[in-house]
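So this block is start34.cif, mmCIF, C-alpha atoms and all ligand atoms:
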data_data
loop_
_atom_site.group_PDB
_atom_site.id
_atom_site.type_symbol
_atom_site.label_atom_id
_atom_site.label_comp_id
_atom_site.auth_asym_id
_atom_site.auth_seq_id
_atom_site.Cartn_x
_atom_site.Cartn_y
_atom_site.Cartn_z
ATOM 1 C CA MET U 1 81.462 89.656 81.545
ATOM 2 C CA ALA U 2 80.191 93.252 81.455
ATOM 3 C CA TYR U 3 81.479 95.403 84.293
ATOM 4 C CA GLU U 4 80.242 98.794 85.495
ATOM 5 C CA THR U 5 83.213 100.004 87.520
ATOM 6 C CA ILE U 6 86.247 98.368 85.945
ATOM 7 C CA ILE U 7 87.521 97.709 82.417
ATOM 8 C CA VAL U 8 89.183 94.374 81.770
ATOM 9 C CA ASP U 9 91.336 93.440 78.816
ATOM 10 C CA VAL U 10 93.175 90.164 78.339
ATOM 11 C CA SER U 11 95.827 90.045 75.661
ATOM 12 C CA ASP U 12 99.331 88.637 75.236
ATOM 13 C CA HIS U 13 98.961 86.611 78.457
ATOM 14 C CA ILE U 14 98.356 89.747 80.541
ATOM 15 C CA CYS U 15 95.088 90.666 82.232
ATOM 16 C CA LEU U 16 94.869 94.449 82.503
ATOM 17 C CA ILE U 17 92.259 95.712 84.966
ATOM 18 C CA LYS U 18 91.524 99.443 84.938
ATOM 19 C CA LEU U 19 89.546 100.896 87.836
ATOM 20 C CA ASN U 20 86.874 103.039 86.238
ATOM 21 C CA ARG U 21 84.880 105.348 88.476
ATOM 22 C CA PRO U 22 86.310 108.607 87.110
ATOM 23 C CA ASP U 23 83.706 110.857 88.773
ATOM 24 C CA ALA U 24 84.774 109.631 92.198
ATOM 25 C CA LEU U 25 88.526 109.333 91.518
ATOM 26 C CA ASN U 26 88.060 105.545 91.490
ATOM 27 C CA ALA U 27 86.871 105.496 95.101
ATOM 28 C CA LEU U 28 86.360 101.895 96.147
ATOM 29 C CA ASN U 29 82.756 100.943 96.786
ATOM 30 C CA LEU U 30 81.425 97.440 97.268
ATOM 31 C CA GLU U 31 80.454 97.102 93.604
ATOM 32 C CA LEU U 32 83.948 97.982 92.404
ATOM 33 C CA LEU U 33 85.650 95.661 94.873
ATOM 34 C CA LYS U 34 83.292 92.798 94.019
ATOM 35 C CA GLU U 35 83.879 93.326 90.291
ATOM 36 C CA LEU U 36 87.614 93.509 90.891
ATOM 37 C CA VAL U 37 87.538 90.224 92.801
ATOM 38 C CA THR U 38 85.534 88.549 90.009
ATOM 39 C CA ALA U 39 87.984 89.807 87.378
ATOM 40 C CA LEU U 40 90.974 88.653 89.420
ATOM 41 C CA GLN U 41 89.456 85.223 90.044
ATOM 42 C CA ASP U 42 88.670 84.889 86.324
ATOM 43 C CA ALA U 43 92.276 85.821 85.544
ATOM 44 C CA GLN U 44 93.457 83.236 88.070
ATOM 45 C CA LYS U 45 91.366 80.553 86.323
ATOM 46 C CA ASN U 46 92.229 81.636 82.768
ATOM 47 C CA ASP U 47 95.137 79.513 81.479
ATOM 48 C CA LYS U 48 96.067 82.265 79.039
ATOM 49 C CA VAL U 49 96.769 84.788 81.827
ATOM 50 C CA ARG U 50 100.277 84.739 83.268
ATOM 51 C CA CYS U 51 100.420 88.177 84.887
ATOM 52 C CA ILE U 52 97.835 90.717 86.074
ATOM 53 C CA VAL U 53 98.070 94.513 86.086
ATOM 54 C CA ILE U 54 95.780 96.786 88.090
ATOM 55 C CA THR U 55 95.727 100.460 87.233
ATOM 56 C CA GLY U 56 93.540 103.551 87.520
ATOM 57 C CA SER U 57 93.461 106.845 85.668
ATOM 58 C CA GLU U 58 96.235 109.390 85.262
ATOM 59 C CA LYS U 59 94.722 111.471 88.098
ATOM 60 C CA ALA U 60 93.925 108.667 90.517
ATOM 61 C CA PHE U 61 94.753 105.043 91.039
ATOM 62 C CA ALA U 62 92.063 105.175 93.739
ATOM 63 C CA ALA U 63 91.328 107.965 96.235
ATOM 64 C CA GLY U 64 90.299 105.505 98.922
ATOM 65 C CA ALA U 65 87.193 103.710 100.039
ATOM 66 C CA ASP U 66 84.024 105.512 99.047
ATOM 67 C CA ILE U 67 83.462 108.055 101.809
ATOM 68 C CA LYS U 68 79.891 108.746 100.709
ATOM 69 C CA MET U 69 79.036 105.063 101.122
ATOM 70 C CA MET U 70 80.807 104.805 104.482
ATOM 71 C CA SER U 71 79.263 108.001 105.843
ATOM 72 C CA GLU U 72 75.850 106.319 105.839
ATOM 73 C CA GLN U 73 76.990 103.385 107.966
ATOM 74 C CA ASN U 74 77.211 102.857 111.709
ATOM 75 C CA PHE U 75 79.224 100.448 113.856
ATOM 76 C CA VAL U 76 76.636 97.693 113.629
ATOM 77 C CA ASP U 77 76.509 97.985 109.817
ATOM 78 C CA VAL U 78 80.259 97.721 109.322
ATOM 79 C CA PHE U 79 80.792 95.173 112.100
ATOM 80 C CA LEU U 80 78.033 92.748 111.160
ATOM 81 C CA GLY U 81 78.479 93.424 107.436
ATOM 82 C CA ASP U 82 82.250 92.959 107.902
ATOM 83 C CA LEU U 83 82.880 95.723 105.375
ATOM 84 C CA PHE U 84 85.395 94.767 102.647
ATOM 85 C CA THR U 85 86.801 91.746 104.531
ATOM 86 C CA GLU U 86 85.632 89.085 102.079
ATOM 87 C CA GLU U 87 86.857 91.152 99.121
ATOM 88 C CA SER U 88 90.280 92.025 100.540
ATOM 89 C CA ASP U 89 90.845 88.414 101.644
ATOM 90 C CA ALA U 90 89.891 87.229 98.142
ATOM 91 C CA ILE U 91 92.406 89.621 96.560
ATOM 92 C CA GLY U 92 95.079 88.249 98.908
ATOM 93 C CA ARG U 93 94.335 84.710 97.705
ATOM 94 C CA ILE U 94 95.129 85.440 94.033
ATOM 95 C CA ARG U 95 98.186 83.330 93.245
ATOM 96 C CA LYS U 96 99.311 84.837 89.940
ATOM 97 C CA PRO U 97 101.620 87.883 90.029
ATOM 98 C CA ILE U 98 99.861 91.258 90.193
ATOM 99 C CA ILE U 99 101.521 94.595 89.397
ATOM 100 C CA ALA U 100 99.920 97.887 90.468
ATOM 101 C CA ALA U 101 100.541 100.736 87.987
ATOM 102 C CA VAL U 102 99.909 103.861 90.055
ATOM 103 C CA SER U 103 99.479 107.381 88.729
ATOM 104 C CA GLY U 104 98.062 110.214 90.825
ATOM 105 C CA TYR U 105 96.301 109.530 94.113
ATOM 106 C CA ALA U 106 96.608 106.187 95.880
ATOM 107 C CA LEU U 107 95.011 107.082 99.187
ATOM 108 C CA GLY U 108 93.489 105.101 102.037
ATOM 109 C CA GLY U 109 91.998 101.937 100.545
ATOM 110 C CA GLY U 110 93.656 102.903 97.240
ATOM 111 C CA CYS U 111 97.108 102.795 98.808
ATOM 112 C CA GLU U 112 96.111 99.570 100.558
ATOM 113 C CA LEU U 113 94.924 98.005 97.291
ATOM 114 C CA ALA U 114 98.229 98.942 95.642
ATOM 115 C CA MET U 115 100.092 97.336 98.565
ATOM 116 C CA MET U 116 98.038 94.139 98.143
ATOM 117 C CA CYS U 117 99.560 93.817 94.693
ATOM 118 C CA ASP U 118 102.960 92.152 94.416
ATOM 119 C CA PHE U 119 104.778 95.315 93.493
ATOM 120 C CA ILE U 120 104.021 98.877 92.533
ATOM 121 C CA ILE U 121 105.308 100.816 89.547
ATOM 122 C CA ALA U 122 104.577 104.510 90.083
ATOM 123 C CA SER U 123 104.405 107.475 87.767
ATOM 124 C CA GLU U 124 106.175 110.686 88.803
ATOM 125 C CA THR U 125 102.799 112.120 89.846
ATOM 126 C CA ALA U 126 101.869 109.306 92.210
ATOM 127 C CA LYS U 127 100.858 110.301 95.730
ATOM 128 C CA PHE U 128 100.441 107.721 98.464
ATOM 129 C CA GLY U 129 98.682 108.363 101.739
ATOM 130 C CA GLN U 130 96.679 106.941 104.619
ATOM 131 C CA PRO U 131 94.546 110.011 105.428
ATOM 132 C CA GLU U 132 91.811 108.073 107.279
ATOM 133 C CA ILE U 133 92.734 109.933 110.470
ATOM 134 C CA ASN U 134 91.192 113.064 108.906
ATOM 135 C CA LEU U 135 87.888 111.184 108.782
ATOM 136 C CA GLY U 136 88.065 110.060 112.399
ATOM 137 C CA VAL U 137 88.965 106.467 111.566
ATOM 138 C CA VAL U 138 92.076 104.379 110.991
ATOM 139 C CA ALA U 139 93.156 102.454 107.927
ATOM 140 C CA GLY U 140 91.196 99.219 107.597
ATOM 141 C CA MET U 141 92.827 97.153 104.873
ATOM 142 C CA GLY U 142 96.537 97.120 105.720
ATOM 143 C CA GLY U 143 97.499 100.800 106.001
ATOM 144 C CA THR U 144 98.900 100.319 109.496
ATOM 145 C CA GLN U 145 100.147 96.772 108.853
ATOM 146 C CA ARG U 146 101.442 96.250 105.300
ATOM 147 C CA LEU U 147 102.685 99.841 105.130
ATOM 148 C CA THR U 148 104.680 99.387 108.363
ATOM 149 C CA ARG U 149 106.262 96.200 107.042
ATOM 150 C CA LEU U 150 107.100 97.899 103.739
ATOM 151 C CA VAL U 151 108.408 101.304 104.853
ATOM 152 C CA GLY U 152 109.097 100.828 108.577
ATOM 153 C CA LYS U 153 107.572 102.310 111.706
ATOM 154 C CA ALA U 154 108.731 105.917 111.328
ATOM 155 C CA LYS U 155 107.127 106.610 107.973
ATOM 156 C CA ALA U 156 104.076 104.432 108.674
ATOM 157 C CA MET U 157 103.413 106.369 111.897
ATOM 158 C CA ASP U 158 104.035 109.690 110.143
ATOM 159 C CA MET U 159 101.633 108.900 107.316
ATOM 160 C CA ASN U 160 98.904 107.390 109.485
ATOM 161 C CA LEU U 161 99.133 110.050 112.218
ATOM 162 C CA THR U 162 99.480 113.172 110.056
ATOM 163 C CA GLY U 163 97.599 111.924 107.002
ATOM 164 C CA ARG U 164 100.227 113.510 104.760
ATOM 165 C CA PHE U 165 100.865 112.211 101.255
ATOM 166 C CA MET U 166 104.155 110.687 100.116
ATOM 167 C CA ASP U 167 105.231 111.577 96.605
ATOM 168 C CA ALA U 168 106.661 109.064 94.154
ATOM 169 C CA ALA U 169 110.305 109.884 94.849
ATOM 170 C CA GLU U 170 109.851 109.450 98.607
ATOM 171 C CA ALA U 171 107.838 106.273 98.043
ATOM 172 C CA GLU U 172 110.677 104.832 95.986
ATOM 173 C CA ARG U 173 113.276 105.828 98.593
ATOM 174 C CA ALA U 174 111.130 104.257 101.297
ATOM 175 C CA GLY U 175 110.744 100.981 99.404
ATOM 176 C CA LEU U 176 106.998 101.300 98.855
ATOM 177 C CA VAL U 177 107.356 101.265 95.070
ATOM 178 C CA SER U 178 109.793 99.312 92.946
ATOM 179 C CA ARG U 179 110.341 102.013 90.318
ATOM 180 C CA VAL U 180 109.199 105.476 89.286
ATOM 181 C CA VAL U 181 108.704 106.280 85.606
ATOM 182 C CA PRO U 182 107.520 109.309 83.632
ATOM 183 C CA THR U 183 103.725 109.508 83.659
ATOM 184 C CA LYS U 184 103.413 109.040 79.900
ATOM 185 C CA LYS U 185 105.504 105.883 80.084
ATOM 186 C CA LEU U 186 103.718 104.282 83.052
ATOM 187 C CA MET U 187 101.657 101.791 81.093
ATOM 188 C CA ASP U 188 104.401 100.926 78.597
ATOM 189 C CA GLU U 189 106.876 100.236 81.406
ATOM 190 C CA THR U 190 104.338 98.281 83.417
ATOM 191 C CA MET U 191 103.177 96.190 80.469
ATOM 192 C CA SER U 192 106.764 95.477 79.562
ATOM 193 C CA ALA U 193 107.453 94.290 83.141
ATOM 194 C CA ALA U 194 104.280 92.170 82.947
ATOM 195 C CA GLN U 195 105.447 90.760 79.603
ATOM 196 C CA LYS U 196 108.786 89.757 81.123
ATOM 197 C CA ILE U 197 106.949 87.949 83.922
ATOM 198 C CA ALA U 198 104.592 86.313 81.405
ATOM 199 C CA GLU U 199 107.582 84.798 79.611
ATOM 200 C CA LYS U 200 108.677 82.879 82.716
ATOM 201 C CA SER U 201 107.285 79.584 83.917
ATOM 202 C CA LEU U 202 103.975 80.337 85.618
ATOM 203 C CA ILE U 203 104.758 77.683 88.198
ATOM 204 C CA THR U 204 107.969 79.474 89.113
ATOM 205 C CA SER U 205 106.478 82.960 89.224
ATOM 206 C CA MET U 206 103.611 81.794 91.430
ATOM 207 C CA VAL U 207 106.130 80.146 93.733
ATOM 208 C CA VAL U 208 108.284 83.294 93.842
ATOM 209 C CA LYS U 209 105.197 85.206 94.977
ATOM 210 C CA GLU U 210 104.593 82.682 97.774
ATOM 211 C CA CYS U 211 108.227 82.771 98.870
ATOM 212 C CA VAL U 212 108.567 86.563 99.000
ATOM 213 C CA ASN U 213 105.229 86.930 100.775
ATOM 214 C CA ARG U 214 106.335 84.291 103.277
ATOM 215 C CA ALA U 215 109.180 86.634 104.280
ATOM 216 C CA LEU U 216 106.582 89.034 105.700
ATOM 217 C CA GLU U 217 104.752 86.310 107.592
ATOM 218 C CA THR U 218 107.369 84.208 109.329
ATOM 219 C CA THR U 219 110.793 84.038 110.978
ATOM 220 C CA LEU U 220 113.971 84.111 108.880
ATOM 221 C CA THR U 221 114.776 80.483 109.756
ATOM 222 C CA GLU U 222 111.316 79.257 108.744
ATOM 223 C CA GLY U 223 111.330 81.444 105.625
ATOM 224 C CA LEU U 224 114.720 80.132 104.526
ATOM 225 C CA LEU U 225 113.571 76.558 105.048
ATOM 226 C CA PHE U 226 110.405 77.227 103.043
ATOM 227 C CA GLU U 227 112.479 78.780 100.228
ATOM 228 C CA ARG U 228 114.957 75.879 100.187
ATOM 229 C CA ARG U 229 112.242 73.232 100.067
ATOM 230 C CA VAL U 230 110.499 75.104 97.254
ATOM 231 C CA PHE U 231 113.821 75.274 95.403
ATOM 232 C CA HIS U 232 114.241 71.509 95.813
ATOM 233 C CA SER U 233 110.690 70.788 94.672
ATOM 234 C CA LEU U 234 111.075 72.791 91.458
ATOM 235 C CA PHE U 235 113.571 70.164 90.301
ATOM 236 C CA SER U 236 110.539 67.945 89.696
ATOM 237 C CA THR U 237 109.266 70.261 86.929
ATOM 238 C CA GLU U 238 109.912 70.128 83.197
ATOM 239 C CA ASP U 239 110.361 73.890 83.312
ATOM 240 C CA GLN U 240 113.467 73.505 85.499
ATOM 241 C CA LYS U 241 114.966 71.088 82.958
ATOM 242 C CA GLU U 242 114.022 73.417 80.106
ATOM 243 C CA GLY U 243 115.394 76.528 81.853
ATOM 244 C CA MET U 244 118.754 74.957 82.635
ATOM 245 C CA ASN U 245 119.053 73.165 79.260
ATOM 246 C CA ALA U 246 118.249 76.411 77.451
ATOM 247 C CA PHE U 247 121.060 78.139 79.316
ATOM 248 C CA MET U 248 123.518 75.374 78.416
ATOM 249 C CA GLU U 249 122.386 75.439 74.786
ATOM 250 C CA LYS U 250 122.585 79.260 74.662
ATOM 251 C CA ARG U 251 118.954 79.726 73.634
ATOM 252 C CA GLU U 252 115.788 81.259 75.107
ATOM 253 C CA ALA U 253 113.842 78.902 77.368
ATOM 254 C CA GLN U 254 110.387 77.857 76.231
ATOM 255 C CA PHE U 255 108.484 77.236 79.435
ATOM 256 C CA ARG U 256 105.366 75.057 79.279
ATOM 257 C CA ASP U 257 104.158 75.306 82.883
ATOM 258 C CA LYS U 258 104.833 71.641 83.471
HETATM 259 N N1 LIG U 301 85.153 108.688 98.312
HETATM 260 C C1 LIG U 301 84.129 109.203 97.602
HETATM 261 N N2 LIG U 301 84.267 110.198 96.708
HETATM 262 C C2 LIG U 301 85.499 110.692 96.530
HETATM 263 C C3 LIG U 301 86.622 110.216 97.230
HETATM 264 C C4 LIG U 301 86.412 109.143 98.156
HETATM 265 N N3 LIG U 301 87.402 108.570 98.848
HETATM 266 N N4 LIG U 301 87.707 110.916 96.842
HETATM 267 C C5 LIG U 301 87.275 111.792 95.933
HETATM 268 N N5 LIG U 301 85.955 111.673 95.732
HETATM 269 C C6 LIG U 301 85.088 112.423 94.831
HETATM 270 C C7 LIG U 301 84.859 113.834 95.361
HETATM 271 O O1 LIG U 301 83.819 113.825 96.326
HETATM 272 C C8 LIG U 301 84.484 114.552 94.090
HETATM 273 O O2 LIG U 301 83.140 114.237 93.778
HETATM 274 P P1 LIG U 301 82.076 115.402 93.403
HETATM 275 O O3 LIG U 301 82.099 116.333 94.564
HETATM 276 O O4 LIG U 301 82.649 116.014 92.154
HETATM 277 O O5 LIG U 301 80.800 114.671 93.210
HETATM 278 C C9 LIG U 301 85.372 113.890 93.041
HETATM 279 O O6 LIG U 301 85.744 112.637 93.591
HETATM 280 C C10 LIG U 301 86.637 114.675 92.757
HETATM 281 O O7 LIG U 301 87.280 114.909 93.990
HETATM 282 P P2 LIG U 301 87.783 116.356 94.441
HETATM 283 O O8 LIG U 301 86.907 117.408 93.870
HETATM 284 O O9 LIG U 301 87.942 116.306 95.923
HETATM 285 O O10 LIG U 301 89.199 116.411 93.700
HETATM 286 P P3 LIG U 301 90.469 117.227 94.146
HETATM 287 O O11 LIG U 301 91.424 117.102 93.012
HETATM 288 O O12 LIG U 301 90.124 118.575 94.638
HETATM 289 O O13 LIG U 301 91.059 116.423 95.427
HETATM 290 C C11 LIG U 301 91.731 114.429 96.645
HETATM 291 C C12 LIG U 301 91.547 115.136 95.254
HETATM 292 C C13 LIG U 301 92.090 112.973 96.381
HETATM 293 C C14 LIG U 301 92.837 115.112 97.408
HETATM 294 C C15 LIG U 301 90.381 114.552 97.431
HETATM 295 O O14 LIG U 301 89.325 114.096 96.603
HETATM 296 C C16 LIG U 301 90.387 113.726 98.695
HETATM 297 O O15 LIG U 301 90.959 114.105 99.717
HETATM 298 N N6 LIG U 301 89.685 112.591 98.669
HETATM 299 C C17 LIG U 301 89.507 111.756 99.847
HETATM 300 C C18 LIG U 301 90.777 111.001 100.149
HETATM 301 C C19 LIG U 301 90.612 110.138 101.379
HETATM 302 O O16 LIG U 301 90.337 110.635 102.488
HETATM 303 N N7 LIG U 301 90.788 108.821 101.219
HETATM 304 C C20 LIG U 301 90.625 107.863 102.304
HETATM 305 C C21 LIG U 301 89.184 107.380 102.385
HETATM 306 S S1 LIG U 301 88.904 106.304 103.759
HETATM 307 C C22 LIG U 301 88.038 98.883 105.470
HETATM 308 C C23 LIG U 301 89.050 98.856 104.583
HETATM 309 C C24 LIG U 301 89.476 100.037 103.989
HETATM 310 C C25 LIG U 301 88.902 101.211 104.301
HETATM 311 C C26 LIG U 301 87.898 101.228 105.197
HETATM 312 C C27 LIG U 301 87.466 100.065 105.797
HETATM 313 N N8 LIG U 301 87.581 97.680 106.160
HETATM 314 C C28 LIG U 301 88.211 96.386 105.738
HETATM 315 C C29 LIG U 301 86.800 97.691 107.249
HETATM 316 C C30 LIG U 301 89.390 102.417 103.656
HETATM 317 C C31 LIG U 301 89.066 103.647 104.072
HETATM 318 C C32 LIG U 301 89.424 104.790 103.224
HETATM 319 O O17 LIG U 301 90.038 104.673 102.194
#
Starting from the file, lay out its structure as C-alpha cells.
Ligand code: DAK
Amino acid sequence: MAYETIIVDVSDHICLIKLNRPDALNALNLELLKELVTALQDAQKNDKVRCIVITGSEKAFAAGADIKMMSEQNFVDVFLGDLFTEESDAIGRIRKPIIAAVSGYALGGGCELAMMCDFIIASETAKFGQPEINLGVVAGMGGTQRLTRLVGKAKAMDMNLTGRFMDAAEAERAGLVSRVVPTKKLMDETMSAAQKIAEKSLITSMVVKECVNRALETTLTEGLLFERRVFHSLFSTEDQKEGMNAFMEKREAQFRDK
C-alpha cells in the first residue's frame, strides 16, 4: 500500500515503520495515525513479520500531535469526534512486539506513541517531554498515565507540570528507555534487537508482551497467577519442546511458531 506520511519496509521478518512528515517534525495528524494503524495491523496479519520497529528522523521521532490541526478544533469537535481514541486503542491491540527507536524530539503525543511501544531504544540526542501544559491542555494519550507508571509520580508530575524535556541519559536512569546508543548506531542497534526477537518463537514473544503488560494492569497476585498459567500452557507448544531439546542437544533452536 502507498502511504503519504509513513514509510514501511518489511524484510528479514521485521516491519520497519518510519514516520515521515519531516516538515512538521513528524507531528501526528489523523492521516499519519490512521496510516500507522493500517501498517501495524498489516504487520500483525503478515506471517512473515515477527517484530515491528517504529522510528522517526534523526531530529524528531515525533514532536507531538499536530498543533495546527488541533488549534482549529473546539470541545464539541474533539469530544464528539473522540480525537485519536480509535487509533491509540488500535495501536494498543497490536500483539506482536514493537520497539520504538527514538532520536531527537519525542514530545507530547510523540512521547506517548513511544510509550505505547513495548520498549524504547534512544539515541544520545533523544528528548522526551509532555509539554501540553504550554498549550493550555494536558496529555491525552497516556502522558499522565503510562509515564507515571514507567517513571513514577515525581518525574511524571515534573514533566507534565513544567513541560520540561528529559534527555536520553535521564530517561534511561528513570526507566523510560531500555538503552541509549550513539545516534549513528540507533538503527543498527534497534534492528539487531528486533532480529534477536524475530529469532524467538512468535508465540512466546507475543505471550511475553501480554505478561509484562499485565504487570501494569493488575495486582501482583493476579499477575503472578497469569504468568504461571501462561508458563504452564506453553508446555503444549512444539516450540517449548524444540527450545528445551535444542538446549540439551547444544544447538540453536529452530522455532516454528507451533
Ligand atoms: N504540530 C505541528 N507542527 C509542528 C509541531 C507540532 N506538534 N512541532 C513542530 N512543528 C512544525 C513547526 O511549526 C515548524 O513548521 P514551519 O513553521 O516550518 O511550517 C516545523 O515543525 C519545525 O519546527 P520548529 O521550527 O519549531 O523547530 P525547532 O527546532 O525550532 O523546535 C521543537 C523544535 C520540537 C522544540 C518545537 O517545534 C516545538 O516545541 N514543537 C511543539 C512541541 C509540542 O508542544 N508538542 C506537544 C503537542 S500537543 C489526544 C491524544 C494526544 C494528544 C492530544 C489529544 N487525545 C486522545 C484526545 C497530544 C497532544 C500533543 O502532542
| said: Residues near stretch 195-198 of chain U, anyone? I mean within 9 Å using all atoms listed in the file, not counting same-chain ones fewer than 5 positions away, as a PyMOL selection string. | reply: chain U and resi 12-14+49-51+97+190+205
message = So, with all atoms listed in the file as the atoms that count, which of U:Met141, U:Val181, U:Ile6, U:Leu32 lies closest to ligand LIG 301 (chain U)?
response =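 Answer, going by the shortest atom-to-atom distance: U:Met141.
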Expected selection from the PyMOL selection byres (((not hetatm)) within 8 of (chain U and resi 301)), given as a tab-separated table (two decimals) with C-alpha atoms, in the frame of the given file:
chain	number	residue	atom	x	y	z
U	22	PRO	CA	86.31	108.61	87.11
U	23	ASP	CA	83.71	110.86	88.77
U	24	ALA	CA	84.77	109.63	92.20
U	25	LEU	CA	88.53	109.33	91.52
U	26	ASN	CA	88.06	105.54	91.49
U	27	ALA	CA	86.87	105.50	95.10
U	28	LEU	CA	86.36	101.90	96.15
U	60	ALA	CA	93.92	108.67	90.52
U	62	ALA	CA	92.06	105.18	93.74
U	63	ALA	CA	91.33	107.96	96.24
U	64	GLY	CA	90.30	105.50	98.92
U	65	ALA	CA	87.19	103.71	100.04
U	66	ASP	CA	84.02	105.51	99.05
U	67	ILE	CA	83.46	108.06	101.81
U	68	LYS	CA	79.89	108.75	100.71
U	69	MET	CA	79.04	105.06	101.12
U	70	MET	CA	80.81	104.80	104.48
U	78	VAL	CA	80.26	97.72	109.32
U	82	ASP	CA	82.25	92.96	107.90
U	83	LEU	CA	82.88	95.72	105.38
U	84	PHE	CA	85.40	94.77	102.65
U	85	THR	CA	86.80	91.75	104.53
U	88	SER	CA	90.28	92.02	100.54
U	105	TYR	CA	96.30	109.53	94.11
U	107	LEU	CA	95.01	107.08	99.19
U	108	GLY	CA	93.49	105.10	102.04
U	109	GLY	CA	92.00	101.94	100.54
U	110	GLY	CA	93.66	102.90	97.24
U	112	GLU	CA	96.11	99.57	100.56
U	129	GLY	CA	98.68	108.36	101.74
U	130	GLN	CA	96.68	106.94	104.62
U	131	PRO	CA	94.55	110.01	105.43
U	132	GLU	CA	91.81	108.07	107.28
U	134	ASN	CA	91.19	113.06	108.91
U	135	LEU	CA	87.89	111.18	108.78
U	137	VAL	CA	88.96	106.47	111.57
U	138	VAL	CA	92.08	104.38	110.99
U	139	ALA	CA	93.16	102.45	107.93
U	140	GLY	CA	91.20	99.22	107.60
U	141	MET	CA	92.83	97.15	104.87
U	142	GLY	CA	96.54	97.12	105.72
Give as a JSON list (two decimals) with C-alpha atoms, in the frame of the given file the residues that the PyMOL selection byres (((chain U and resi 155) around 12) and not hetatm) matches when applied to the coordinates above.
[["chain", "number", "residue", "atom", "x", "y", "z"],
["U", 128, "PHE", "CA", 100.44, 107.72, 98.46],
["U", 129, "GLY", "CA", 98.68, 108.36, 101.74],
["U", 130, "GLN", "CA", 96.68, 106.94, 104.62],
["U", 143, "GLY", "CA", 97.50, 100.80, 106.00],
["U", 144, "THR", "CA", 98.90, 100.32, 109.50],
["U", 147, "LEU", "CA", 102.68, 99.84, 105.13],
["U", 148, "THR", "CA", 104.68, 99.39, 108.36],
["U", 149, "ARG", "CA", 106.26, 96.20, 107.04],
["U", 150, "LEU", "CA", 107.10, 97.90, 103.74],
["U", 151, "VAL", "CA", 108.41, 101.30, 104.85],
["U", 152, "GLY", "CA", 109.10, 100.83, 108.58],
["U", 153, "LYS", "CA", 107.57, 102.31, 111.71],
["U", 154, "ALA", "CA", 108.73, 105.92, 111.33],
["U", 156, "ALA", "CA", 104.08, 104.43, 108.67],
["U", 157, "MET", "CA", 103.41, 106.37, 111.90],
["U", 158, "ASP", "CA", 104.04, 109.69, 110.14],
["U", 159, "MET", "CA", 101.63, 108.90, 107.32],
["U", 160, "ASN", "CA", 98.90, 107.39, 109.48],
["U", 161, "LEU", "CA", 99.13, 110.05, 112.22],
["U", 162, "THR", "CA", 99.48, 113.17, 110.06],
["U", 163, "GLY", "CA", 97.60, 111.92, 107.00],
["U", 164, "ARG", "CA", 100.23, 113.51, 104.76],
["U", 165, "PHE", "CA", 100.86, 112.21, 101.26],
["U", 166, "MET", "CA", 104.16, 110.69, 100.12],
["U", 170, "GLU", "CA", 109.85, 109.45, 98.61],
["U", 171, "ALA", "CA", 107.84, 106.27, 98.04],
["U", 173, "ARG", "CA", 113.28, 105.83, 98.59],
["U", 174, "ALA", "CA", 111.13, 104.26, 101.30],
["U", 175, "GLY", "CA", 110.74, 100.98, 99.40],
["U", 176, "LEU", "CA", 107.00, 101.30, 98.86]]
- prompt: How many Å separate atom CA of U:Glu124 from atom CA of U:Thr55?
  reply: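 Between atom CA of U:Glu124 and atom CA of U:Thr55 the gap works out to 14.7 Å.
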Kindly resolve the PyMOL selection byres (((chain U and resi 58) around 12) and not hetatm) on the present coordinates and return the residues as a PyMOL selection string. chain U and resi 18-20+22+25-26+55-57+59-62+101-106+122-127+182-187
- Item | Point-to-point distance in Å for atom CA of U:Asn29 and atom CA of U:Met116 |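 One can read the atom CA of U:Met116 to atom CA of U:Asn29 distance as 16.8 Å.
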- request: Do a neighbour search on U:Leu40 at 8 Å with all atoms listed in the file, toss out local chain neighbours closer than 3 positions, and write the hits as a PyMOL selection string.
  value: chain U and resi 36-37+43-44+52+91+94
Would you save the residues of that selection, restricted to C-alpha atoms, as a PDB file, in the frame of the given file?
ATOM      1  CA  LEU U  36      87.614  93.509  90.891  1.00  0.00           C
ATOM      2  CA  VAL U  37      87.538  90.224  92.801  1.00  0.00           C
ATOM      3  CA  ALA U  43      92.276  85.821  85.544  1.00  0.00           C
ATOM      4  CA  GLN U  44      93.457  83.236  88.070  1.00  0.00           C
ATOM      5  CA  ILE U  52      97.835  90.717  86.074  1.00  0.00           C
ATOM      6  CA  ILE U  91      92.406  89.621  96.560  1.00  0.00           C
ATOM      7  CA  ILE U  94      95.129  85.440  94.033  1.00  0.00           C
TER       8      ILE U  94
END
In Å to one decimal, how far is atom CA of U:Glu210 from atom CA of U:Leu224?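 Atom-to-atom, atom CA of U:Leu224 to atom CA of U:Glu210, that is 12.4 Å.
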Between U:Phe247, U:Glu242, U:Lys96, U:Phe226, smallest distance to U:Lys209 by all atoms listed in the file belongs to U:Lys96
Requested in this report: Give the answer as one residue: which of U:Leu80, U:Cys117, U:Val8, U:Ile203 has the shortest atom-to-atom distance to U:Leu234, using all atoms listed in the file?
Outcome: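 Answer, going by the shortest atom-to-atom distance: U:Ile203.
Among the candidate residues U:Ile121, U:Leu30, U:Val53, U:Ala169, the one lying nearest to U:Ile7 is U:Val53, with distances computed using all atoms listed in the file.
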### Task
Select, from U:Cys211, U:Met206, U:Ala253, U:Val10, the residue with the minimum atom-to-atom distance to U:Lys241, counting all atoms listed in the file.
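Using all atoms listed in the file, U:Lys241 sits closest to U:Ala253.
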